[in-house]
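For reference, work-v5.pdb (PDB, C-alpha atoms):
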```pdb
ATOM      1  CA  MET A 265      96.517 104.124 114.495
ATOM      2  CA  HIS A 266      99.281 102.697 116.704
ATOM      3  CA  VAL A 267     101.318  99.509 116.424
ATOM      4  CA  GLU A 268     100.606  98.565 120.047
ATOM      5  CA  GLU A 269      96.852  98.774 119.426
ATOM      6  CA  LEU A 270      97.071  96.562 116.331
ATOM      7  CA  LEU A 271      99.164  93.955 118.122
ATOM      8  CA  LYS A 272      96.660  93.909 120.976
ATOM      9  CA  LYS A 273      93.898  93.399 118.401
ATOM     10  CA  THR A 274      95.624  90.360 116.900
ATOM     11  CA  ARG A 275      96.166  88.856 120.368
ATOM     12  CA  SER A 276      92.416  88.994 120.954
ATOM     13  CA  GLY A 277      91.884  86.853 117.850
ATOM     14  CA  ASP A 278      90.780  89.605 115.475
ATOM     15  CA  VAL A 279      92.053  89.661 111.875
ATOM     16  CA  LEU A 280      93.544  92.940 110.719
ATOM     17  CA  SER A 281      91.769  94.991 108.061
ATOM     18  CA  ARG A 282      93.382  95.867 104.743
ATOM     19  CA  LYS A 283      93.954  99.425 105.962
ATOM     20  CA  GLU A 284      95.673  98.117 109.082
ATOM     21  CA  LEU A 285      97.836  95.735 107.044
ATOM     22  CA  VAL A 286      98.931  98.642 104.835
ATOM     23  CA  TYR A 287      99.813 100.656 107.940
ATOM     24  CA  LEU A 288     102.134  97.908 109.197
ATOM     25  CA  LEU A 289     103.666  97.392 105.756
ATOM     26  CA  ASP A 290     104.352 101.126 105.528
ATOM     27  CA  LEU A 291     106.646 100.979 108.555
ATOM     28  CA  ALA A 292     110.369 101.160 107.857
ATOM     29  CA  PRO A 293     111.692  97.561 107.919
ATOM     30  CA  ASP A 294     114.504  98.530 110.306
ATOM     31  CA  SER A 295     112.298 100.532 112.678
ATOM     32  CA  MET A 296     111.563  99.654 116.289
ATOM     33  CA  GLU A 297     107.891  99.301 115.359
ATOM     34  CA  SER A 298     108.649  96.711 112.665
ATOM     35  CA  SER A 299     110.793  94.817 115.151
ATOM     36  CA  MET A 300     107.787  94.731 117.477
ATOM     37  CA  VAL A 301     105.599  93.390 114.661
ATOM     38  CA  MET A 302     108.144  90.680 113.837
ATOM     39  CA  ALA A 303     108.465  89.702 117.493
ATOM     40  CA  GLU A 304     104.695  89.423 117.861
ATOM     41  CA  ALA A 305     104.393  87.374 114.651
ATOM     42  CA  ASN A 306     107.125  85.050 115.899
ATOM     43  CA  ARG A 307     105.353  84.653 119.244
ATOM     44  CA  PHE A 308     102.025  84.029 117.509
ATOM     45  CA  SER A 309     103.484  81.435 115.113
ATOM     46  CA  LYS A 310     105.103  79.569 117.984
ATOM     47  CA  GLU A 311     101.912  79.665 120.009
ATOM     48  CA  LEU A 312      99.855  78.203 117.152
ATOM     49  CA  SER A 313     102.390  75.519 116.237
ATOM     50  CA  GLY A 314     103.655  74.647 119.688
ATOM     51  CA  GLY A 315     107.061  76.079 118.799
ATOM     52  CA  LYS A 316     107.535  73.493 116.048
ATOM     53  CA  ALA A 317     108.490  74.488 112.493
ATOM     54  CA  GLU A 318     108.243  72.249 109.432
ATOM     55  CA  VAL A 319     110.436  71.544 106.425
ATOM     56  CA  HIS A 320     108.688  70.461 103.245
ATOM     57  CA  ALA A 321     110.626  69.135 100.278
ATOM     58  CA  GLN A 322     109.900  69.531  96.579
ATOM     59  CA  PHE A 323     111.174  68.006  93.362
ATOM     60  CA  ALA A 324     110.142  68.715  89.780
ATOM     61  CA  VAL A 325     108.899  65.853  87.627
ATOM     62  CA  ASN A 326     109.790  67.776  84.468
ATOM     63  CA  LEU A 327     111.572  70.780  83.030
ATOM     64  CA  ALA A 328     110.365  72.528  79.878
ATOM     65  CA  PRO A 329     110.045  75.977  78.318
ATOM     66  CA  CYS A 330     106.577  77.171  79.344
ATOM     67  CA  PRO A 331     104.326  79.205  77.009
ATOM     68  CA  TYR A 332     102.550  80.970  79.868
ATOM     69  CA  ASP A 333     105.613  83.204  80.139
ATOM     70  CA  CYS A 334     105.607  84.205  83.807
ATOM     71  CA  LEU A 335     108.298  86.870  83.511
ATOM     72  CA  PHE A 336     109.787  86.056  86.931
ATOM     73  CA  CYS A 337     110.210  82.343  86.112
ATOM     74  CA  SER A 338     113.238  80.596  84.620
ATOM     75  CA  PHE A 339     110.878  78.153  82.859
ATOM     76  CA  ALA A 340     109.226  80.952  80.839
ATOM     77  CA  LYS A 341     109.761  80.391  77.135
ATOM     78  CA  VAL A 342     110.257  84.121  76.628
ATOM     79  CA  ASN A 343     113.186  84.146  79.071
ATOM     80  CA  GLY A 344     115.146  81.595  77.018
ATOM     81  CA  VAL A 345     116.821  79.945  80.003
ATOM     82  CA  PHE A 346     115.688  76.388  79.279
ATOM     83  CA  ASN A 347     114.965  75.408  75.689
ATOM     84  CA  GLU A 348     114.772  71.626  75.923
ATOM     85  CA  ALA A 349     112.011  69.556  77.542
ATOM     86  CA  LYS A 350     113.073  66.876  80.024
ATOM     87  CA  GLU A 351     111.202  64.705  82.499
ATOM     88  CA  LEU A 352     111.997  62.330  85.316
ATOM     89  CA  SER A 353     111.435  58.635  85.004
ATOM     90  CA  PRO A 354     109.020  57.234  87.603
ATOM     91  CA  GLU A 355     111.978  55.428  89.168
ATOM     92  CA  ARG A 356     113.937  58.649  89.583
ATOM     93  CA  ALA A 357     110.878  60.385  91.018
ATOM     94  CA  VAL A 358     110.552  57.595  93.577
ATOM     95  CA  ASP A 359     114.229  57.987  94.458
ATOM     96  CA  HIS A 360     113.782  61.714  95.179
ATOM     97  CA  ALA A 361     110.611  61.213  97.216
ATOM     98  CA  CYS A 362     112.040  58.376  99.302
ATOM     99  CA  GLN A 363     115.210  60.351  99.981
ATOM    100  CA  PHE A 364     113.153  63.282 101.239
ATOM    101  CA  GLU A 365     111.189  60.882 103.431
ATOM    102  CA  ARG A 366     114.416  59.445 104.885
ATOM    103  CA  ASP A 367     115.747  62.971 105.424
ATOM    104  CA  GLY A 368     112.742  63.729 107.619
ATOM    105  CA  ALA A 369     110.748  66.105 105.418
ATOM    106  CA  ASN A 370     107.293  66.749 106.888
ATOM    107  CA  ALA A 371     105.735  66.734 103.400
ATOM    108  CA  VAL A 372     106.849  65.733  99.902
ATOM    109  CA  PHE A 373     105.864  67.953  96.963
ATOM    110  CA  LEU A 374     105.729  66.935  93.301
ATOM    111  CA  MET A 375     105.918  69.926  90.963
ATOM    112  CA  SER A 376     105.296  70.093  87.222
ATOM    113  CA  THR A 377     105.233  72.851  84.639
ATOM    114  CA  ALA A 378     101.771  74.127  83.672
ATOM    115  CA  THR A 379     101.647  72.240  80.359
ATOM    116  CA  TYR A 380     102.916  68.873  81.608
ATOM    117  CA  PRO A 381     100.305  66.207  80.726
ATOM    118  CA  PHE A 382      98.033  65.668  83.723
ATOM    119  CA  GLU A 383      97.665  61.919  83.196
ATOM    120  CA  ARG A 384     101.434  61.570  83.072
ATOM    121  CA  PHE A 385     101.673  63.489  86.346
ATOM    122  CA  ILE A 386      99.152  61.095  87.892
ATOM    123  CA  GLU A 387     101.079  58.038  86.668
ATOM    124  CA  VAL A 388     104.320  59.277  88.216
ATOM    125  CA  SER A 389     102.520  60.300  91.411
ATOM    126  CA  GLN A 390     100.885  56.899  91.790
ATOM    127  CA  GLU A 391     104.282  55.226  91.588
ATOM    128  CA  VAL A 392     105.672  57.635  94.173
ATOM    129  CA  LYS A 393     102.718  57.065  96.498
ATOM    130  CA  ARG A 394     103.151  53.273  96.304
ATOM    131  CA  ASN A 395     106.733  53.583  97.514
ATOM    132  CA  LEU A 396     106.231  56.002 100.401
ATOM    133  CA  GLN A 397     105.089  55.239 103.924
ATOM    134  CA  PRO A 398     101.276  55.483 104.112
ATOM    135  CA  GLU A 399     101.459  58.359 106.591
ATOM    136  CA  THR A 400     103.801  60.528 104.477
ATOM    137  CA  THR A 401     102.096  63.764 103.406
ATOM    138  CA  LEU A 402     102.085  64.103  99.609
ATOM    139  CA  ILE A 403     101.393  67.491  97.991
ATOM    140  CA  ALA A 404     100.962  68.526  94.345
ATOM    141  CA  ASN A 405     102.280  71.749  92.825
ATOM    142  CA  VAL A 406     100.556  71.850  89.439
ATOM    143  CA  GLY A 407      98.847  74.261  87.075
ATOM    144  CA  ASP A 408      95.182  75.220  87.017
ATOM    145  CA  GLN A 409      92.884  72.192  87.151
ATOM    146  CA  THR A 410      89.246  71.253  86.645
ATOM    147  CA  LEU A 411      87.157  69.823  89.453
ATOM    148  CA  LYS A 412      87.464  66.377  87.847
ATOM    149  CA  HIS A 413      91.255  66.622  87.924
ATOM    150  CA  ALA A 414      91.148  67.897  91.508
ATOM    151  CA  PHE A 415      89.247  64.770  92.576
ATOM    152  CA  LYS A 416      91.784  62.652  90.681
ATOM    153  CA  LEU A 417      94.614  64.235  92.685
ATOM    154  CA  LYS A 418      92.755  63.419  95.885
ATOM    155  CA  ASP A 419      92.137  59.825  94.766
ATOM    156  CA  THR A 420      95.837  59.444  93.918
ATOM    157  CA  GLY A 421      96.751  60.109  97.535
ATOM    158  CA  PHE A 422      97.535  63.809  97.642
ATOM    159  CA  SER A 423      96.590  65.583 100.871
ATOM    160  CA  GLY A 424      96.796  69.011  99.315
ATOM    161  CA  VAL A 425      98.181  71.333  96.698
ATOM    162  CA  TYR A 426     100.206  74.499  96.484
ATOM    163  CA  HIS A 427      98.414  77.138  94.424
ATOM    164  CA  ALA A 428      98.656  80.910  94.355
ATOM    165  CA  VAL A 429      97.359  83.937  92.547
ATOM    166  CA  ARG A 430     100.655  85.655  91.917
ATOM    167  CA  LEU A 431     101.164  89.390  92.248
ATOM    168  CA  ARG A 432     100.198  91.133  88.990
ATOM    169  CA  GLU A 433      98.849  87.883  87.598
ATOM    170  CA  GLY A 434      97.743  88.398  83.996
ATOM    171  CA  LYS A 435     100.199  91.267  83.553
ATOM    172  CA  ASP A 436     103.514  89.626  84.411
ATOM    173  CA  THR A 437     102.077  86.259  83.327
ATOM    174  CA  ARG A 438      99.793  84.889  80.615
ATOM    175  CA  LEU A 439      97.585  83.208  83.193
ATOM    176  CA  SER A 440      94.085  84.204  84.273
ATOM    177  CA  ILE A 441      93.289  85.379  87.799
ATOM    178  CA  LYS A 442      89.806  83.920  87.315
ATOM    179  CA  ASN A 443      91.215  80.489  86.460
ATOM    180  CA  ARG A 444      93.669  80.592  89.359
ATOM    181  CA  LYS A 445      90.868  81.343  91.816
ATOM    182  CA  GLU A 446      88.560  78.737  90.293
ATOM    183  CA  SER A 447      91.291  76.126  90.634
ATOM    184  CA  ILE A 448      91.659  76.911  94.327
ATOM    185  CA  LEU A 449      87.913  76.403  94.778
ATOM    186  CA  ASN A 450      88.085  73.145  92.801
ATOM    187  CA  PHE A 451      90.902  71.819  94.965
ATOM    188  CA  LYS A 452      89.037  72.656  98.153
ATOM    189  CA  GLU A 453      85.779  71.135  96.899
ATOM    190  CA  ALA A 454      87.676  67.915  96.179
ATOM    191  CA  GLY A 455      88.852  67.790  99.792
ATOM    192  CA  LEU A 456      92.399  68.990  99.173
ATOM    193  CA  GLU A 457      94.039  71.461 101.534
ATOM    194  CA  VAL A 458      95.476  74.472  99.690
ATOM    195  CA  GLY A 459      98.749  76.079 100.720
ATOM    196  CA  THR A 460      99.486  79.476  99.233
ATOM    197  CA  CYS A 461     101.754  82.494  99.418
ATOM    198  CA  VAL A 462     102.070  86.191  98.618
ATOM    199  CA  GLU A 463     104.533  85.943  95.754
ATOM    200  CA  PRO A 464     106.803  86.800  94.058
ATOM    201  CA  VAL A 465     107.343  90.098  95.857
ATOM    202  CA  GLY A 466     109.511  92.695  94.122
ATOM    203  CA  PRO A 467     110.418  96.313  94.914
ATOM    204  CA  GLU A 468     107.715  97.553  92.524
ATOM    205  CA  HIS A 469     104.795  96.054  94.433
ATOM    206  CA  THR A 470     102.895  98.571  96.536
ATOM    207  CA  ASN A 471     101.823  97.999 100.109
ATOM    208  CA  GLU A 472      98.212  98.186  98.914
ATOM    209  CA  GLU A 473      98.877  95.295  96.491
ATOM    210  CA  LEU A 474     100.524  93.264  99.235
ATOM    211  CA  ALA A 475      97.719  93.916 101.714
ATOM    212  CA  GLU A 476      95.099  92.949  99.123
ATOM    213  CA  MET A 477      96.915  89.674  98.448
ATOM    214  CA  ILE A 478      97.366  88.925 102.163
ATOM    215  CA  GLU A 479      93.629  89.462 102.579
ATOM    216  CA  PHE A 480      92.869  87.173  99.629
ATOM    217  CA  THR A 481      95.064  84.343 100.913
ATOM    218  CA  ALA A 482      93.346  84.567 104.299
ATOM    219  CA  SER A 483      89.906  84.430 102.663
ATOM    220  CA  PHE A 484      89.968  80.713 101.853
ATOM    221  CA  ASP A 485      91.470  79.455 105.129
ATOM    222  CA  PRO A 486      94.641  77.984 103.597
ATOM    223  CA  ALA A 487      96.913  75.325 105.078
ATOM    224  CA  TYR A 488      99.469  78.124 105.254
ATOM    225  CA  SER A 489     100.149  81.490 103.748
ATOM    226  CA  GLY A 490     103.406  83.415 103.755
ATOM    227  CA  VAL A 491     105.741  85.363 101.521
ATOM    228  CA  ALA A 492     108.316  84.678  98.821
ATOM    229  CA  ARG A 493     110.462  87.385  97.326
ATOM    230  CA  ARG A 494     111.250  87.440  93.629
ATOM    231  CA  ILE A 495     114.663  86.030  92.789
ATOM    232  CA  PRO A 496     115.924  87.812  89.649
ATOM    233  CA  ILE A 497     116.746  85.515  86.721
ATOM    234  CA  PRO A 498     119.932  86.956  85.156
ATOM    235  CA  GLY A 499     119.465  88.492  81.730
ATOM    236  CA  THR A 500     115.677  88.791  81.938
ATOM    237  CA  VAL A 501     113.550  91.927  81.776
ATOM    238  CA  MET A 502     112.177  91.301  85.252
ATOM    239  CA  ALA A 503     115.691  91.104  86.708
ATOM    240  CA  LYS A 504     116.092  94.819  86.044
ATOM    241  CA  GLY A 505     113.480  95.452  88.730
ATOM    242  CA  GLY A 506     115.821  94.206  91.438
ATOM    243  CA  MET A 507     115.032  92.339  94.641
ATOM    244  CA  ILE A 508     113.746  93.254  98.077
ATOM    245  CA  SER A 509     116.012  92.637 101.058
ATOM    246  CA  GLU A 510     115.646  89.709 103.440
ATOM    247  CA  LEU A 511     114.738  92.220 106.144
ATOM    248  CA  ARG A 512     111.877  93.621 104.042
ATOM    249  CA  MET A 513     110.744  90.084 103.273
ATOM    250  CA  ALA A 514     110.779  89.232 106.988
ATOM    251  CA  GLN A 515     108.646  92.285 107.684
ATOM    252  CA  ILE A 516     106.070  91.184 105.098
ATOM    253  CA  VAL A 517     106.183  87.626 106.475
ATOM    254  CA  ALA A 518     105.348  89.017 109.923
ATOM    255  CA  VAL A 519     102.489  91.176 108.666
ATOM    256  CA  THR A 520     101.113  88.211 106.711
ATOM    257  CA  ARG A 521     101.100  86.098 109.880
ATOM    258  CA  LEU A 522      99.128  88.790 111.678
ATOM    259  CA  GLY A 523      96.730  88.983 108.729
ATOM    260  CA  MET A 524      95.765  85.302 108.964
ATOM    261  CA  PRO A 525      93.055  83.785 111.173
ATOM    262  CA  GLN A 526      94.160  81.552 114.023
ATOM    263  CA  SER A 527      92.959  78.509 112.064
ATOM    264  CA  VAL A 528      95.989  78.931 109.762
ATOM    265  CA  MET A 529      98.931  77.334 111.578
ATOM    266  CA  GLY A 530     101.520  77.595 108.819
ATOM    267  CA  ASN A 531     103.438  80.694 107.770
ATOM    268  CA  CYS A 532     106.041  80.146 105.068
ATOM    269  CA  THR A 533     108.886  82.092 103.569
ATOM    270  CA  HIS A 534     110.962  81.369 100.528
ATOM    271  CA  GLU A 535     113.812  81.163 100.149
ATOM    272  CA  PRO A 536     114.793  79.932 103.641
ATOM    273  CA  CYS A 537     116.550  82.504 105.826
ATOM    274  CA  THR A 538     117.037  83.283 109.510
ATOM    275  CA  LEU A 539     115.334  86.679 109.296
ATOM    276  CA  GLY A 540     112.210  85.077 107.830
ATOM    277  CA  ALA A 541     112.071  82.576 110.684
ATOM    278  CA  ILE A 542     112.618  85.322 113.242
ATOM    279  CA  GLY A 543     109.727  87.190 111.589
ATOM    280  CA  GLY A 544     107.352  84.301 112.234
ATOM    281  CA  ALA A 545     107.936  81.872 109.366
ATOM    282  CA  ASN A 546     107.542  78.257 110.488
ATOM    283  CA  LEU A 547     107.784  76.601 107.076
ATOM    284  CA  PHE A 548     110.736  76.237 104.687
ATOM    285  CA  TRP A 549     111.275  74.169 101.534
ATOM    286  CA  ALA A 550     114.131  71.958 100.454
ATOM    287  CA  GLU A 551     114.395  71.403  96.689
ATOM    288  CA  VAL A 552     115.988  69.192  94.068
ATOM    289  CA  GLY A 553     115.603  69.140  90.302
ATOM    290  CA  ALA A 554     114.213  72.050  88.324
ATOM    291  CA  ASN A 555     113.464  75.279  90.186
ATOM    292  CA  PRO A 556     111.686  78.333  88.709
ATOM    293  CA  ARG A 557     114.115  80.656  90.525
ATOM    294  CA  ASP A 558     117.287  78.939  89.335
ATOM    295  CA  THR A 559     119.196  78.694  86.066
ATOM    296  CA  GLU A 560     120.689  75.341  87.089
ATOM    297  CA  GLN A 561     118.819  72.315  85.743
ATOM    298  CA  ASN A 562     119.301  70.685  89.139
ATOM    299  CA  THR A 563     118.808  73.249  91.859
ATOM    300  CA  GLU A 564     120.607  71.099  94.429
ATOM    301  CA  HIS A 565     123.742  72.360  92.638
ATOM    302  CA  GLY A 566     122.455  75.931  92.725
ATOM    303  CA  ARG A 567     119.954  77.732  94.951
ATOM    304  CA  GLY A 568     118.204  74.708  96.454
ATOM    305  CA  GLU A 569     118.434  73.989 100.170
ATOM    306  CA  THR A 570     118.431  70.504 101.700
ATOM    307  CA  VAL A 571     116.194  69.264 104.501
ATOM    308  CA  SER A 572     119.242  69.300 106.759
ATOM    309  CA  SER A 573     120.237  72.879 105.887
ATOM    310  CA  CYS A 574     116.656  74.060 106.488
ATOM    311  CA  HIS A 575     116.748  72.411 109.917
ATOM    312  CA  ALA A 576     119.992  74.262 110.635
ATOM    313  CA  ILE A 577     118.528  77.646 109.639
ATOM    314  CA  PHE A 578     115.540  77.092 111.919
ATOM    315  CA  LYS A 579     117.839  76.095 114.776
ATOM    316  CA  GLU A 580     119.873  79.285 114.302
ATOM    317  CA  SER A 581     116.584  81.218 114.499
ATOM    318  CA  GLY A 582     115.373  79.675 117.752
ATOM    319  CA  TRP A 583     112.943  77.137 116.283
ATOM    320  CA  ASP A 584     112.635  73.398 116.808
ATOM    321  CA  VAL A 585     111.519  71.326 113.818
ATOM    322  CA  ASP A 586     108.620  68.915 114.103
ATOM    323  CA  ASN A 587     108.935  65.213 113.328
ATOM    324  CA  GLY A 588     106.405  63.238 111.326
ATOM    325  CA  PRO A 589     103.714  64.150 108.802
ATOM    326  CA  SER A 590     102.790  67.795 108.312
ATOM    327  CA  ARG A 591     100.245  69.238 110.698
ATOM    328  CA  TYR A 592      99.507  72.114 108.326
ATOM    329  CA  TYR A 593      97.602  69.886 105.925
ATOM    330  CA  ARG A 594      94.831  69.103 108.350
ATOM    331  CA  SER A 595      93.063  66.527 106.160
ATOM    332  CA  SER A 596      96.222  64.360 106.159
TER     333      SER A 596
END
```
Starting from the file, give its structure as structure tokens.
Amino acid sequence: MHVEELLKKTRSGDVLSRKELVYLLDLAPDSMESSMVMAEANRFSKELSGGKAEVHAQFAVNLAPCPYDCLFCSFAKVNGVFNEAKELSPERAVDHACQFERDGANAVFLMSTATYPFERFIEVSQEVKRNLQPETTLIANVGDQTLKHAFKLKDTGFSGVYHAVRLREGKDTRLSIKNRKESILNFKEAGLEVGTCVEPVGPEHTNEELAEMIEFTASFDPAYSGVARRIPIPGTVMAKGGMISELRMAQIVAVTRLGMPQSVMGNCTHEPCTLGAIGGANLFWAEVGANPRDTEQNTEHGRGETVSSCHAIFKESGWDVDNGPSRYYRSS
């Protein structure tokens, strides 16, 4: 097996096998071969998107200790970072969404913790939708949902959702892989586009695990796939496992791009960085409010990037940023 042969295969429109994905992930991140993979992924991403990246923007409608105890998350009750439940007023939610719209975000995401009441989420979302331009792409980042709830999200005006089966789901979390996958099917049946990601990647995850997850994300033709590395939450058990480098993350981002069919235009990385964009990422997120990777209650004072700073990172990486509603959520 040779890198040149695999890159030629992807150029012909073929999707790489799990064995081939593992081969590329096994390469040293700083090797010439990995640089070739990143260059090809960058070329491929630009070809599919016309050289235009996107910046999506997310805010959290609430913050609360979560009983599902995802060990990598600052919301996890077991981690003891946040012990008090708080939520945004509809007016404040509208303020965040409209600011993102004015800033030029290509999509606006509303995120909630897994146990936030669904009907309350819908009420806030309806108020947000009423105050945005009709063409603005609205996306939900919520917990597992029934088909009935999925249709309700669609009726509320959402174009899509973000949903992922996380690495070592059910072991590092109290959530069910079966329920995560069923939710993805429910969202798609309701006519919602599903964006996803291989996440949160840590040093302990094997290349076989990563390749299996890349293959899974490709299997349901998502709006985008991509990669997010785990950001250690200080003082937690998971923090002891450390963090992969941005270079390693960029390598995985590139391999993920080459593992997707050509119908998938988007390739994300989180958190935003130049190496990720050079490796073929064409989607970043700006964030305000609560953030599962931050110990600040308002991530704009911590780890969160702005729409403007994401634009700047893309510019430094040789990307232009698209204007207008997201093209990744095709149904919008």
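Minimum distance to Cys334 (chain A) across A:Leu474, A:Leu417, A:Leu271, A:Val501 (counting all atoms listed in the file) occurs at A:Val501.
Applied to the file shown here, the PyMOL selection byres ((chain A and resi 280) around 10) selects Leu270, Leu271, Lys273, Thr274, Gly277, Asp278, Val279, Ser281, Arg282, Lys283, Glu284, Leu285, Val286, Ala475, Glu479, Val519, Thr520, Leu522, Gly523, Met524 and Pro525 of chain A.
Selection result for the displayed file, with the PyMOL selection byres ((chain A and resi 583-588) around 6) as criterion, is Lys316, Ala317, Glu318, Asn370, Phe578, Lys579, Ser581, Gly582 and Pro589 of chain A.
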Selection export as a PDB file, in the frame of the given file, atoms kept: C-alpha atoms:
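Writing done, so here's again-v3.pdb:
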```pdb
ATOM      1  CA  LYS A 316     107.535  73.493 116.048  1.00  0.00           C
ATOM      2  CA  ALA A 317     108.490  74.488 112.493  1.00  0.00           C
ATOM      3  CA  GLU A 318     108.243  72.249 109.432  1.00  0.00           C
ATOM      4  CA  ASN A 370     107.293  66.749 106.888  1.00  0.00           C
ATOM      5  CA  PHE A 578     115.540  77.092 111.919  1.00  0.00           C
ATOM      6  CA  LYS A 579     117.839  76.095 114.776  1.00  0.00           C
ATOM      7  CA  SER A 581     116.584  81.218 114.499  1.00  0.00           C
ATOM      8  CA  GLY A 582     115.373  79.675 117.752  1.00  0.00           C
ATOM      9  CA  PRO A 589     103.714  64.150 108.802  1.00  0.00           C
TER      10      PRO A 589
END
```
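If you look at CA of Asn343 (chain A) and CA of Gln322 (chain A), they are 23.0 Å away from each other.
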> CA of Ser509 (chain A) to CA of Leu289 (chain A): how many Å, to one decimal?
Replying inline: 14.0 Å
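For the pair CA of His320 (chain A) and CA of Met502 (chain A), the interatomic distance is 27.8 Å.
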>> Starting from the PyMOL selection byres ((chain A and resi 411) around 10), expand the selection into actual residues of this file and give them as a list in words.
In response: Asp408, Gln409, Thr410, Lys412, His413, Ala414, Phe415, Lys416, Leu417, Glu446, Ser447, Ile448, Leu449, Asn450, Phe451, Lys452, Glu453 and Ala454 of chain A
>> When you look at Val345 (chain A) with a cut-off of 10 Å (counting all atoms listed in the file), what residues show up, excluding the ones that are within fewer than 3 positions of it in the same chain? I need them as a PyMOL selection string.
In response: chain A and resi 328-329+337-342+348+497-500+558-561
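Checking A:Lys504, A:Pro496, A:Arg521, A:Ala303 one by one against Val462 (chain A), counting only C-alpha atoms, you find the shortest gap at A:Arg521.
Closest approach to Val392 (chain A) among A:Gly540, A:Glu365, A:Val358, A:Val406 is made by A:Val358 (distances from all atoms listed in the file).
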> Got a sec: who's within 12 Å of Lys435 (chain A), counting all atoms listed in the file, leaving out chain neighbours fewer than 2 positions off, as an NGL selection string?
Replying inline: :A and (332-336 or 429-433 or 437-441)
Each residue of region 305-345 of chain A lying at most 12 Å from region 562-570 of chain A should get a row with its shortest atom-to-atom pair and the distance in Å to one decimal, counting only C-alpha atoms; could you produce that, ordered by chain and increasing number, as CSV?
```
residue,atom,partner,partner_atom,distance
A:Val319,CA,A:Thr570,CA,9.3
A:His320,CA,A:Thr570,CA,9.9
A:Ala321,CA,A:Thr570,CA,8.1
A:Gln322,CA,A:Gly568,CA,9.8
A:Phe323,CA,A:Thr563,CA,9.4
A:Ala324,CA,A:Asn562,CA,9.4
A:Val325,CA,A:Asn562,CA,11.6
A:Asn326,CA,A:Asn562,CA,11.0
A:Leu327,CA,A:Asn562,CA,9.9
A:Ser338,CA,A:Thr563,CA,11.7
```
Generate the coordinates of N, CA, C and O atoms for region 414-425 of chain A; report them as a JSON list (two decimals), keeping the file's coordinate frame.
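Done, and the output landed in rebuild_24.json:
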```
[["chain", "number", "residue", "atom", "x", "y", "z"],
["A", 414, "ALA", "N", 90.92, 67.71, 90.07],
["A", 414, "ALA", "CA", 91.15, 67.90, 91.51],
["A", 414, "ALA", "C", 90.78, 66.63, 92.28],
["A", 414, "ALA", "O", 91.52, 66.18, 93.17],
["A", 415, "PHE", "N", 89.64, 66.02, 91.93],
["A", 415, "PHE", "CA", 89.25, 64.77, 92.58],
["A", 415, "PHE", "C", 90.24, 63.65, 92.26],
["A", 415, "PHE", "O", 90.53, 62.79, 93.10],
["A", 416, "LYS", "N", 90.80, 63.67, 91.05],
["A", 416, "LYS", "CA", 91.78, 62.65, 90.68],
["A", 416, "LYS", "C", 93.05, 62.78, 91.53],
["A", 416, "LYS", "O", 93.64, 61.77, 91.95],
["A", 417, "LEU", "N", 93.46, 64.02, 91.81],
["A", 417, "LEU", "CA", 94.61, 64.24, 92.68],
["A", 417, "LEU", "C", 94.33, 63.67, 94.08],
["A", 417, "LEU", "O", 95.19, 63.03, 94.68],
["A", 418, "LYS", "N", 93.14, 63.92, 94.57],
["A", 418, "LYS", "CA", 92.76, 63.42, 95.88],
["A", 418, "LYS", "C", 92.76, 61.89, 95.89],
["A", 418, "LYS", "O", 93.29, 61.26, 96.82],
["A", 419, "ASP", "N", 92.19, 61.28, 94.85],
["A", 419, "ASP", "CA", 92.14, 59.82, 94.77],
["A", 419, "ASP", "C", 93.53, 59.20, 94.65],
["A", 419, "ASP", "O", 93.75, 58.06, 95.08],
["A", 420, "THR", "N", 94.48, 59.94, 94.08],
["A", 420, "THR", "CA", 95.84, 59.44, 93.92],
["A", 420, "THR", "C", 96.58, 59.39, 95.24],
["A", 420, "THR", "O", 97.58, 58.67, 95.37],
["A", 421, "GLY", "N", 96.11, 60.13, 96.23],
["A", 421, "GLY", "CA", 96.75, 60.11, 97.54],
["A", 421, "GLY", "C", 97.33, 61.43, 97.98],
["A", 421, "GLY", "O", 98.01, 61.50, 99.02],
["A", 422, "PHE", "N", 97.07, 62.50, 97.22],
["A", 422, "PHE", "CA", 97.54, 63.81, 97.64],
["A", 422, "PHE", "C", 96.66, 64.35, 98.77],
["A", 422, "PHE", "O", 95.43, 64.25, 98.72],
["A", 423, "SER", "N", 97.30, 64.93, 99.77],
["A", 423, "SER", "CA", 96.59, 65.58, 100.87],
["A", 423, "SER", "C", 96.25, 67.02, 100.53],
["A", 423, "SER", "O", 95.30, 67.59, 101.10],
["A", 424, "GLY", "N", 97.02, 67.61, 99.64],
["A", 424, "GLY", "CA", 96.80, 69.01, 99.32],
["A", 424, "GLY", "C", 97.57, 69.44, 98.10],
["A", 424, "GLY", "O", 98.23, 68.64, 97.43],
["A", 425, "VAL", "N", 97.48, 70.73, 97.82],
["A", 425, "VAL", "CA", 98.18, 71.33, 96.70],
["A", 425, "VAL", "C", 98.77, 72.67, 97.13],
["A", 425, "VAL", "O", 98.32, 73.27, 98.11]]
```
